[in-house]
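First comes the structure, then the notes that go with it.
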Amino acid sequence: MSVRIQEADFDLGKELAEFHGDPRIGAVVAFVGLVRDSNDAARILEMTLEHYPGMTEKALAAIVSEAGQRWSIIDALVIHRVGRLRPTDRIVAVAVAAEHRGAAFDAGEFIIDQLKTRAPFWKRELTTAGARWVEARETDEQASERWQMG
Amino acid sequence: MLKILYFAHLREALGQGDENLPLPSGVGDVAALRRYLADRGGPWHHLLTARNLRCAINQEMARSDSAIADGDEVAFFPPVTGG
């Protein structure tokens with residue numbers, strides 16, 4: 001299990017290669033989030049990611065640990081970038097390795113849904129109309145909460 | 001002494017990201033600390049008026065009635081928007 005916060009870009013192929021070599025693993029599911037060029041009808045020129053050093057790592061480790069309790073997974077990786085990012089840049093990666101695909105898909109979706117509402121990151125967008133802090137989305141809250149019923 | 005951290009638009013509005021504050025007498029929980037800070041006036045009203053302001057104590061999410069003790073690290077921030 002690995003959690004990393006970094007300014008640098010990442011190479012998902014290299015990261016996933018870390019999962020190889022464990023003959024128990026039959027499925028690897030990976031999600032990559034990218035910076036879009038529009039949000040709420042505004043054109044995004046650039047984005048700055050702020051985080052709470054220390055708490056962010058703890059929150060992500062707790063989420064991954066919960067995923068490990070709920071599903072039979074063998075390994076998991078979360079990488080989240082901070083600092084200045086531009087449209088098309090990679091921003092986040094979640095990858096889960098398991099014996100079977102079901103657990104890998106479910107645990108991966110759980111981790112990204114929980115990350116969006118529990119990990120202390122904040123996005124500040126620079127748009128053609130000026131800079132603004134991104135507002136939390138109700139749909140993200142709902143996506144996170146649905147796991148409580150499962 | 002408390003270590004207090006502010007993030008995102010709150011940090012910008014206050015013009016500072018952190019401060020050390022001797023634990024004020026009569027401040028025993030998050031709600032009381034918010035009132036104490038808001039009483040500074042000016043931009044500090046954000047501590048009471050910011051929508052859905054979140055608080056963490058020692059890097060764990062806290063509630064309005066969560067207890068605060070000398071030596072704690074307390075953070076205030078808006079709802080998170082990562083991912």
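Chains: A, B, ... in order of the structure tokens. Residues: from 1 per chain. Ligands: from 1, in order shown.
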(request) Using only C-alpha atoms, determine which residues lie at most 12 Å from Glu50 of chain A, disregarding the query and same-chain residues fewer than 2 positions distant; provide the list as an MDAnalysis selection string. (result) (chainID A and resid 5:7 47:48 52:53 56 80:85 119:125 133:134) or (chainID B and resid 6:9 11:12 17 77:78 80:83)
(request) Using DSSP on the backbone coordinates, identify the residues of chain B assigned to strand (DSSP E); present them as a VMD selection string. (result) chain B and resid 2 to 6 18 to 21 54 to 57 60 to 62 73 to 77
Produce a file of the selected residues containing C-alpha atoms, as a compact mmCIF listing (two decimals), in the first residue's frame.
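Contents of selection-v5.txt, freshly written:
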```
# COMPACT_ATOMS: atom_id res chain seq x y z
CA LEU B 2 -2.27 26.16 20.09
CA LYS B 3 -1.00 25.88 16.54
CA ILE B 4 -3.74 27.09 14.21
CA LEU B 5 -3.70 26.53 10.45
CA TYR B 6 -5.87 28.11 7.75
CA ASP B 18 -0.83 29.72 10.47
CA GLU B 19 -0.30 31.19 13.91
CA ASN B 20 0.61 30.17 17.43
CA LEU B 21 -1.92 31.21 20.04
CA ARG B 54 -14.47 22.37 8.38
CA CYS B 55 -12.18 21.87 11.34
CA ALA B 56 -9.51 19.29 12.15
CA ILE B 57 -7.82 18.75 15.50
CA GLU B 60 -8.34 14.37 12.42
CA MET B 61 -11.71 15.78 11.36
CA ALA B 62 -13.47 17.46 14.28
CA GLU B 73 -2.91 21.60 16.20
CA VAL B 74 -6.21 23.04 14.98
CA ALA B 75 -6.96 23.62 11.29
CA PHE B 76 -9.85 25.46 9.65
CA PHE B 77 -10.68 25.00 5.97
```
(request) Run DSSP on the backbone and grab whatever in segment 47-140 of chain A lands in alpha helix (DSSP H); send it over as number ranges by chain. (result) A: 55-70, 101-118, 138-140
(request) Find the residues around Ile79 of chain A up to 7 Å (only C-alpha atoms counted), leave out those fewer than 5 positions away in its own chain, and share them as a VMD selection string. (result) chain A and resid 3 to 5 92 to 94
(request) Find the distance between atom CA of Asp22 of chain A and atom CA of Ile73 of chain A and write it in Å to one decimal. (result) 12.5 Å
(request) Point out the residue among A:Asn39, A:Thr139, A:Thr88, A:Ser144 with the least atom-to-atom distance to Leu115 of chain A, counting only C-alpha atoms. (result) A:Ser144
(message) Residues near segment 23-35 of chain A, anyone? I mean within 6 Å using only C-alpha atoms, not counting same-chain ones fewer than 3 positions away, as a list in words.
(response) Pro87, Thr88, Asp89, Arg90, Ile91, Val92, Ala93, Val94, Ala95, Val96, Ala97, Ala98, Glu99, His100, Arg101, Ala104 and Phe105 of chain A
(message) Excluding Leu47 of chain B and its own-chain neighbours fewer than 2 positions away, which residues fall within 12 Å of it when counting only C-alpha atoms? Please give them as number ranges by chain.
(response) B: 6-7, 9-11, 13-14, 30-45, 49-55, 64, 75-78
(message) Quick check, in Å to one decimal: how far apart do atom CA of Leu45 of chain A and atom CA of Gly15 of chain B lie?
(response)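 Between atom CA of Leu45 of chain A and atom CA of Gly15 of chain B the gap is 24.7 Å.
Using only C-alpha atoms, the smallest distance between any of B:Pro79, B:Gly71, B:Pro22, B:Gly28 and chain A comes from B:Pro79.
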Neighbours of Gln142 of chain A within 12 Å (only C-alpha atoms; same-chain residues fewer than 6 positions away dropped), as a CSV table (one decimal) with all heavy atoms, in the first residue's frame?
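Listing of around-v2.csv after writing:
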```csv
chain,number,residue,atom,x,y,z
A,113,ASP,N,-13.7,8.0,-4.6
A,113,ASP,CA,-14.9,8.7,-4.1
A,113,ASP,C,-14.6,9.3,-2.7
A,113,ASP,O,-15.0,10.4,-2.4
A,113,ASP,CB,-16.1,7.7,-4.0
A,113,ASP,CG,-16.8,7.5,-5.3
A,113,ASP,OD1,-16.4,8.2,-6.3
A,113,ASP,OD2,-17.7,6.6,-5.4
A,114,GLN,N,-14.0,8.5,-1.9
A,114,GLN,CA,-13.7,9.0,-0.5
A,114,GLN,C,-12.6,10.1,-0.5
A,114,GLN,O,-12.7,11.0,0.2
A,114,GLN,CB,-13.2,7.8,0.4
A,114,GLN,CG,-14.2,6.7,0.5
A,114,GLN,CD,-15.4,7.2,1.4
A,114,GLN,OE1,-15.2,7.7,2.5
A,114,GLN,NE2,-16.6,6.9,1.0
A,116,LYS,N,-12.2,12.3,-2.7
A,116,LYS,CA,-12.8,13.6,-3.1
A,116,LYS,C,-13.5,14.3,-2.0
A,116,LYS,O,-13.7,15.6,-2.1
A,116,LYS,CB,-13.8,13.4,-4.3
A,116,LYS,CG,-13.0,13.3,-5.6
A,116,LYS,CD,-14.0,13.2,-6.8
A,116,LYS,CE,-13.3,13.5,-8.1
A,116,LYS,NZ,-13.1,15.0,-8.3
A,117,THR,N,-13.9,13.6,-0.9
A,117,THR,CA,-14.7,14.3,0.1
A,117,THR,C,-13.9,14.3,1.5
A,117,THR,O,-14.3,15.0,2.4
A,117,THR,CB,-16.0,13.7,0.4
A,117,THR,OG1,-15.9,12.3,0.6
A,117,THR,CG2,-16.9,13.9,-0.8
A,136,ALA,N,-17.0,22.8,-3.4
A,136,ALA,CA,-17.3,21.4,-3.3
A,136,ALA,C,-18.6,21.0,-4.0
A,136,ALA,O,-19.5,21.8,-4.0
A,136,ALA,CB,-17.3,21.0,-1.8
A,148,GLN,N,-21.6,4.1,2.4
A,148,GLN,CA,-22.0,3.8,3.8
A,148,GLN,C,-23.1,2.8,3.8
A,148,GLN,O,-23.4,2.2,4.8
A,148,GLN,CB,-22.4,5.1,4.5
A,148,GLN,CG,-21.3,6.1,4.7
A,148,GLN,CD,-21.7,7.4,5.2
A,148,GLN,OE1,-22.9,7.6,5.6
A,148,GLN,NE2,-20.8,8.4,5.3
A,149,MET,N,-23.9,2.8,2.7
A,149,MET,CA,-25.1,1.9,2.7
A,149,MET,C,-24.7,0.5,2.2
A,149,MET,O,-25.4,-0.5,2.5
A,149,MET,CB,-26.1,2.5,1.8
A,149,MET,CG,-26.5,3.9,2.2
A,149,MET,SD,-28.0,4.5,1.4
A,149,MET,CE,-27.4,4.9,-0.2
```
(request) Just give me the gap between atom CA of Leu77 of chain A and atom CA of Leu16 of chain A in Å, one decimal is fine. (result) 8.8 Å
(message) Ranking B:Ser66, B:Val27, B:Asp72, B:Gln59 by minimum distance to chain A and counting only C-alpha atoms, which one comes first?
(response)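 Between B:Ser66, B:Val27, B:Asp72, B:Gln59, the residue approaching chain A most closely is B:Gln59.
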